[in-house]
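Some notes on the structure that comes next.
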Amino acid sequence: MKRPRLSLNLALSADGKISSVARRPSGWTSKEDHARLLELRKGADALLVGRGTLEADRMTMKPPGDPWRCVVSRGGGFDPAHPLFHSPGGPVHLLVTEGAVPEIPGATVHTGTLAAFLETLAAAGIGHVHCEGGGELVRALAGLDAIDEIHLTWAGHTLFGGRGAPTLSGVPGDFLPATRLFELTAFEPRPENGECFLSYRRKAQ
């Protein structure tokens with residue numbers, strides 16, 4: 001599968017559960033973490049999120065450079081009044097993997113699989129996609145073995161928890177089809193606020 005390079009940015013709580021960057025509980029995202037979020041977006045040709053994350057945080061996905069703003073949905077139930085569709089920025093591309101195709105003025109709608117969508121992005125000249133969640137989308141990308149870089153904020157002071165809360169590779173018991181190998185490239189403890197920044201790179205096989 002020809003696809004863009006794909007990086008990922010998530011928060012990881014003390015119990016190993018994940019939350020998308022944008023959906024972290026209000027009040028505990030540090031200034032350093034926010035600066036890192038903005039830095040990681042730099043150079044991306046496209047931002048990618050799941051519809052649940054988009055709607056929960058009313059995201060407009062408008063960093064500097066106006067990358068493509070891509071949203072994945074299983075059922076396609078997009079809200080035409082969402083701020084994403086009424087804010088300036090890069091072109092909006094929606095992927096619907098099942099269900100009815102929405103009619104959103106100004107947005108390009110794609111249907112089919114996530115793998116095919118990544119191939120479409122590559123064919124359009126998108127070289128780097130940066131994903132900010134949520135958990136279902138991350139699990140699907142991991143299942144495709146399509147993740148090249150992982151950036152985590154380990155929040156040792158917080159529990160996202162719950163028996164059904166996802167880990168980086170999905171919900172408990174929903175195993176990946178094979179092991180994914182990564183190597184640690186950055187480890188930055190932040191004891192002053194109980195966080196640690198970690199970065200991983202796909203290991204050559």
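Going through the structure tokens in order, the chains are called A, B, and so on, while each chain numbers its residues from 1 and the ligands are numbered from 1 in the order shown.
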
Distance query stretch 189-192 of chain A at most 10 Å, only C-alpha atoms, self and fewer than 5 positions along chain excluded, as a PyMOL selection string: chain A and resi 32-33+153-156+197-198

Would you write out those residues with N, CA and C atoms, as a JSON list (two decimals), in the first residue's frame?
[["chain", "number", "residue", "atom", "x", "y", "z"],
["A", 32, "GLU", "N", 3.65, 23.64, 28.21],
["A", 32, "GLU", "CA", 4.67, 22.93, 27.45],
["A", 32, "GLU", "C", 4.05, 21.91, 26.51],
["A", 33, "ASP", "N", 3.04, 21.23, 26.99],
["A", 33, "ASP", "CA", 2.37, 20.23, 26.17],
["A", 33, "ASP", "C", 1.66, 20.88, 24.99],
["A", 153, "THR", "N", 2.13, 12.12, 25.38],
["A", 153, "THR", "CA", 2.30, 12.81, 26.64],
["A", 153, "THR", "C", 1.81, 11.86, 27.72],
["A", 154, "TRP", "N", 2.74, 11.34, 28.51],
["A", 154, "TRP", "CA", 2.34, 10.45, 29.60],
["A", 154, "TRP", "C", 1.97, 11.31, 30.79],
["A", 155, "ALA", "N", 0.70, 11.26, 31.16],
["A", 155, "ALA", "CA", 0.17, 12.09, 32.25],
["A", 155, "ALA", "C", 0.05, 11.23, 33.50],
["A", 156, "GLY", "N", 1.13, 11.20, 34.29],
["A", 156, "GLY", "CA", 1.16, 10.34, 35.45],
["A", 156, "GLY", "C", 0.21, 10.77, 36.56],
["A", 197, "PHE", "N", 7.15, 13.56, 28.08],
["A", 197, "PHE", "CA", 6.97, 13.51, 26.63],
["A", 197, "PHE", "C", 7.82, 12.36, 26.07],
["A", 198, "LEU", "N", 7.19, 11.54, 25.26],
["A", 198, "LEU", "CA", 7.89, 10.43, 24.64],
["A", 198, "LEU", "C", 7.64, 10.43, 23.14]]

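Using only C-alpha atoms, the nearest neighbour of A:Leu152 within the list A:Phe85, A:Phe175, A:Phe182, A:Tyr200 is A:Tyr200.
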
Could you pull out the residues in stretch 161-197 of chain A that DSSP calls strand (DSSP E or B) from the backbone, as JSON, numbers by chain? {"A": [167, 170, 182, 183, 184, 185, 186, 187, 188, 189, 190, 195, 196, 197]}

Would you pick out the contacts of A:Val129 at 7 Å or less, using only C-alpha atoms, so that residues sharing its chain but fewer than 2 positions from it are not included, and give the list as a count of residues only? 11

At a cut-off of 10 Å, using only C-alpha atoms, what residues contact A:Gly112? Leave out same-chain residues fewer than 3 positions from it and give the result as a list in words. Arg74, Leu95, Val96, Thr97, Glu98, Ala115, Ala116 and Phe117 of chain A

Keeping N, CA and C atoms, export the residues of the selection given above as an mmCIF file, in the first residue's frame.
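Produced file result.cif, reproduced below:
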data_model
loop_
_atom_site.group_PDB
_atom_site.id
_atom_site.type_symbol
_atom_site.label_atom_id
_atom_site.label_comp_id
_atom_site.auth_asym_id
_atom_site.auth_seq_id
_atom_site.Cartn_x
_atom_site.Cartn_y
_atom_site.Cartn_z
ATOM 1 N N ARG A 74 -17.450 6.357 10.434
ATOM 2 C CA ARG A 74 -18.030 5.111 9.963
ATOM 3 C C ARG A 74 -19.405 5.363 9.333
ATOM 4 N N LEU A 95 -14.003 11.157 5.035
ATOM 5 C CA LEU A 95 -14.071 9.750 4.640
ATOM 6 C C LEU A 95 -15.219 9.081 5.366
ATOM 7 N N VAL A 96 -16.119 8.468 4.611
ATOM 8 C CA VAL A 96 -17.224 7.693 5.180
ATOM 9 C C VAL A 96 -17.006 6.241 4.794
ATOM 10 N N THR A 97 -16.784 5.385 5.778
ATOM 11 C CA THR A 97 -16.496 3.986 5.482
ATOM 12 C C THR A 97 -17.757 3.137 5.363
ATOM 13 N N GLU A 98 -18.846 3.599 5.970
ATOM 14 C CA GLU A 98 -20.142 2.923 5.868
ATOM 15 C C GLU A 98 -21.223 3.993 5.956
ATOM 16 N N ALA A 115 -7.675 2.341 4.283
ATOM 17 C CA ALA A 115 -6.475 2.057 3.492
ATOM 18 C C ALA A 115 -6.547 2.732 2.131
ATOM 19 N N ALA A 116 -7.705 2.662 1.493
ATOM 20 C CA ALA A 116 -7.861 3.295 0.182
ATOM 21 C C ALA A 116 -7.764 4.816 0.295
ATOM 22 N N PHE A 117 -8.259 5.375 1.391
ATOM 23 C CA PHE A 117 -8.189 6.821 1.587
ATOM 24 C C PHE A 117 -6.736 7.272 1.735
#

Enumerate as a ChimeraX atom specification all residues of chain A assigned to alpha helix (DSSP H) by DSSP on the backbone, naming them with the chain letters and numbers the document uses. /A:31-41,51-57,114-123,135-143

Excluding stretch 60-64 of chain A and residues on its chain fewer than 4 positions from it, collect all residues at most 12 Å away from it, counting only C-alpha atoms, and give them as a JSON list (two decimals) with N, CA and C atoms, in the first residue's frame.
[["chain", "number", "residue", "atom", "x", "y", "z"],
["A", 22, "ALA", "N", -6.85, 16.57, 21.72],
["A", 22, "ALA", "CA", -7.85, 17.62, 21.89],
["A", 22, "ALA", "C", -8.85, 17.31, 22.98],
["A", 37, "LEU", "N", 2.25, 20.27, 21.04],
["A", 37, "LEU", "CA", 1.18, 19.95, 20.10],
["A", 37, "LEU", "C", 1.32, 20.78, 18.83],
["A", 38, "LEU", "N", 1.52, 22.09, 19.00],
["A", 38, "LEU", "CA", 1.65, 22.97, 17.84],
["A", 38, "LEU", "C", 2.89, 22.66, 17.03],
["A", 39, "GLU", "N", 3.98, 22.32, 17.72],
["A", 39, "GLU", "CA", 5.22, 22.01, 17.03],
["A", 39, "GLU", "C", 5.09, 20.74, 16.20],
["A", 40, "LEU", "N", 4.39, 19.74, 16.75],
["A", 40, "LEU", "CA", 4.23, 18.48, 16.04],
["A", 40, "LEU", "C", 3.36, 18.63, 14.79],
["A", 41, "ARG", "N", 2.49, 19.63, 14.78],
["A", 41, "ARG", "CA", 1.64, 19.85, 13.61],
["A", 41, "ARG", "C", 2.41, 20.48, 12.45],
["A", 42, "LYS", "N", 3.52, 21.12, 12.76],
["A", 42, "LYS", "CA", 4.27, 21.82, 11.72],
["A", 42, "LYS", "C", 4.78, 20.84, 10.67],
["A", 43, "GLY", "N", 4.66, 21.22, 9.44],
["A", 43, "GLY", "CA", 5.18, 20.40, 8.36],
["A", 43, "GLY", "C", 4.22, 19.33, 7.87],
["A", 44, "ALA", "N", 3.11, 19.14, 8.56],
["A", 44, "ALA", "CA", 2.14, 18.14, 8.12],
["A", 44, "ALA", "C", 1.39, 18.66, 6.89],
["A", 45, "ASP", "N", 1.19, 17.80, 5.92],
["A", 45, "ASP", "CA", 0.40, 18.16, 4.75],
["A", 45, "ASP", "C", -1.09, 17.98, 5.00],
["A", 46, "ALA", "N", -1.41, 17.15, 6.01],
["A", 46, "ALA", "CA", -2.82, 16.91, 6.34],
["A", 46, "ALA", "C", -2.93, 16.54, 7.81],
["A", 47, "LEU", "N", -4.00, 17.01, 8.45],
["A", 47, "LEU", "CA", -4.36, 16.58, 9.80],
["A", 47, "LEU", "C", -5.49, 15.58, 9.68],
["A", 48, "LEU", "N", -5.50, 14.59, 10.57],
["A", 48, "LEU", "CA", -6.49, 13.51, 10.50],
["A", 48, "LEU", "C", -7.06, 13.26, 11.89],
["A", 49, "VAL", "N", -8.40, 13.23, 11.99],
["A", 49, "VAL", "CA", -9.07, 12.89, 13.25],
["A", 49, "VAL", "C", -10.32, 12.07, 12.94],
["A", 50, "GLY", "N", -10.82, 11.40, 13.96],
["A", 50, "GLY", "CA", -12.10, 10.73, 13.85],
["A", 50, "GLY", "C", -13.23, 11.70, 14.12],
["A", 53, "THR", "N", -13.94, 12.69, 17.86],
["A", 53, "THR", "CA", -13.01, 13.69, 18.40],
["A", 53, "THR", "C", -13.33, 15.07, 17.86],
["A", 54, "LEU", "N", -13.61, 15.14, 16.57],
["A", 54, "LEU", "CA", -13.95, 16.42, 15.95],
["A", 54, "LEU", "C", -15.13, 17.07, 16.66],
["A", 55, "GLU", "N", -16.18, 16.29, 16.90],
["A", 55, "GLU", "CA", -17.41, 16.85, 17.46],
["A", 55, "GLU", "C", -17.29, 17.13, 18.95],
["A", 56, "ALA", "N", -16.57, 16.28, 19.66],
["A", 56, "ALA", "CA", -16.45, 16.48, 21.10],
["A", 56, "ALA", "C", -15.74, 17.78, 21.43],
["A", 68, "TRP", "N", -4.47, 20.01, 4.67],
["A", 68, "TRP", "CA", -5.78, 19.40, 4.47],
["A", 68, "TRP", "C", -6.35, 19.00, 5.83],
["A", 69, "ARG", "N", -7.65, 19.14, 5.98],
["A", 69, "ARG", "CA", -8.33, 18.77, 7.21],
["A", 69, "ARG", "C", -9.20, 17.54, 6.92],
["A", 70, "CYS", "N", -8.76, 16.40, 7.43],
["A", 70, "CYS", "CA", -9.38, 15.13, 7.08],
["A", 70, "CYS", "C", -10.06, 14.51, 8.30],
["A", 71, "VAL", "N", -11.28, 14.05, 8.10],
["A", 71, "VAL", "CA", -12.06, 13.46, 9.18],
["A", 71, "VAL", "C", -12.62, 12.12, 8.72],
["A", 81, "ALA", "N", -23.51, 22.19, 10.54],
["A", 81, "ALA", "CA", -23.30, 23.44, 11.28],
["A", 81, "ALA", "C", -21.99, 23.44, 12.07],
["A", 82, "HIS", "N", -21.25, 22.36, 12.02],
["A", 82, "HIS", "CA", -20.01, 22.27, 12.79],
["A", 82, "HIS", "C", -19.04, 23.38, 12.35],
["A", 83, "PRO", "N", -18.29, 23.95, 13.31],
["A", 83, "PRO", "CA", -17.36, 25.04, 12.97],
["A", 83, "PRO", "C", -16.33, 24.67, 11.90],
["A", 84, "LEU", "N", -15.98, 23.40, 11.78],
["A", 84, "LEU", "CA", -15.01, 23.00, 10.76],
["A", 84, "LEU", "C", -15.44, 23.45, 9.38],
["A", 85, "PHE", "N", -16.74, 23.37, 9.10],
["A", 85, "PHE", "CA", -17.24, 23.67, 7.76],
["A", 85, "PHE", "C", -17.51, 25.15, 7.54],
["A", 86, "HIS", "N", -17.22, 25.96, 8.56],
["A", 86, "HIS", "CA", -17.49, 27.40, 8.46],
["A", 86, "HIS", "C", -16.29, 28.22, 8.89],
["A", 87, "SER", "N", -15.11, 27.61, 8.87],
["A", 87, "SER", "CA", -13.90, 28.33, 9.27],
["A", 87, "SER", "C", -12.89, 28.26, 8.14],
["A", 88, "PRO", "N", -12.09, 29.33, 7.98],
["A", 88, "PRO", "CA", -11.07, 29.31, 6.93],
["A", 88, "PRO", "C", -9.99, 28.29, 7.26],
["A", 89, "GLY", "N", -9.30, 27.84, 6.25],
["A", 89, "GLY", "CA", -8.23, 26.88, 6.45],
["A", 89, "GLY", "C", -8.06, 26.01, 5.23],
["A", 90, "GLY", "N", -7.33, 24.92, 5.40],
["A", 90, "GLY", "CA", -7.09, 24.01, 4.30],
["A", 90, "GLY", "C", -8.36, 23.29, 3.88],
["A", 91, "PRO", "N", -8.33, 22.64, 2.71],
["A", 91, "PRO", "CA", -9.51, 21.94, 2.21],
["A", 91, "PRO", "C", -9.95, 20.84, 3.15],
["A", 92, "VAL", "N", -11.25, 20.63, 3.23],
["A", 92, "VAL", "CA", -11.84, 19.62, 4.11],
["A", 92, "VAL", "C", -12.15, 18.36, 3.30],
["A", 93, "HIS", "N", -11.64, 17.23, 3.78],
["A", 93, "HIS", "CA", -11.88, 15.94, 3.14],
["A", 93, "HIS", "C", -12.47, 15.00, 4.18],
["A", 130, "HIS", "N", -0.72, 13.86, 9.94],
["A", 130, "HIS", "CA", -0.57, 13.90, 11.40],
["A", 130, "HIS", "C", -1.94, 13.64, 12.03],
["A", 131, "CYS", "N", -2.03, 12.57, 12.82],
["A", 131, "CYS", "CA", -3.30, 12.15, 13.41],
["A", 131, "CYS", "C", -3.35, 12.51, 14.89],
["A", 132, "GLU", "N", -4.51, 13.02, 15.33],
["A", 132, "GLU", "CA", -4.70, 13.40, 16.73],
["A", 132, "GLU", "C", -5.88, 12.66, 17.36]]

Atom CA of A:Ile150 to atom CA of A:Leu8, straight-line distance in Å: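 About the pair atom CA of A:Leu8 and atom CA of A:Ile150: they are 4.8 Å apart.
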
Can you tell me, as a PyMOL selection string, what residues are no more than 6 Å from A:Ala122 when counting only C-alpha atoms, ignoring any on the same chain fewer than 3 positions away? chain A and resi 3-4+119+125-126

Given the choices A:Arg58, A:Arg202, A:Arg51, A:Lys31, which gets closest to A:Gly135 if the distance is worked out from only C-alpha atoms?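 Looking only at the distances to A:Gly135, the closest residue turns out to be A:Arg51.
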
Find the residues around A:Glu183 up to 12 Å (only C-alpha atoms counted), leave out those fewer than 3 positions away in its own chain, and share them as a ChimeraX atom specification. /A:148-151,180,186-187,198-205

Residues from the last selection, C-alpha atoms, saved as a PDB file, in the first residue's frame:
ATOM      1  CA  ASP A 148       5.422   5.674  11.435  1.00  0.00           C
ATOM      2  CA  GLU A 149       5.851   7.939  14.468  1.00  0.00           C
ATOM      3  CA  ILE A 150       4.155   8.018  17.866  1.00  0.00           C
ATOM      4  CA  HIS A 151       4.278  11.041  20.164  1.00  0.00           C
ATOM      5  CA  ARG A 180       4.360  -3.514  15.683  1.00  0.00           C
ATOM      6  CA  ALA A 186      12.886  10.968  22.791  1.00  0.00           C
ATOM      7  CA  PHE A 187      12.247  10.814  26.543  1.00  0.00           C
ATOM      8  CA  LEU A 198       7.891  10.428  24.639  1.00  0.00           C
ATOM      9  CA  SER A 199       8.481   9.874  20.938  1.00  0.00           C
ATOM     10  CA  TYR A 200       8.820   6.618  19.029  1.00  0.00           C
ATOM     11  CA  ARG A 201       9.831   5.801  15.475  1.00  0.00           C
ATOM     12  CA  ARG A 202       8.824   2.791  13.445  1.00  0.00           C
ATOM     13  CA  LYS A 203      11.617   0.254  13.603  1.00  0.00           C
ATOM     14  CA  ALA A 204      12.996  -0.980  10.310  1.00  0.00           C
ATOM     15  CA  GLN A 205      12.269  -4.672   9.776  1.00  0.00           C
TER      16      GLN A 205
END

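Note that the spacing between atom CA of A:Val171 and atom CA of A:Ala100 amounts to 26.7 Å.
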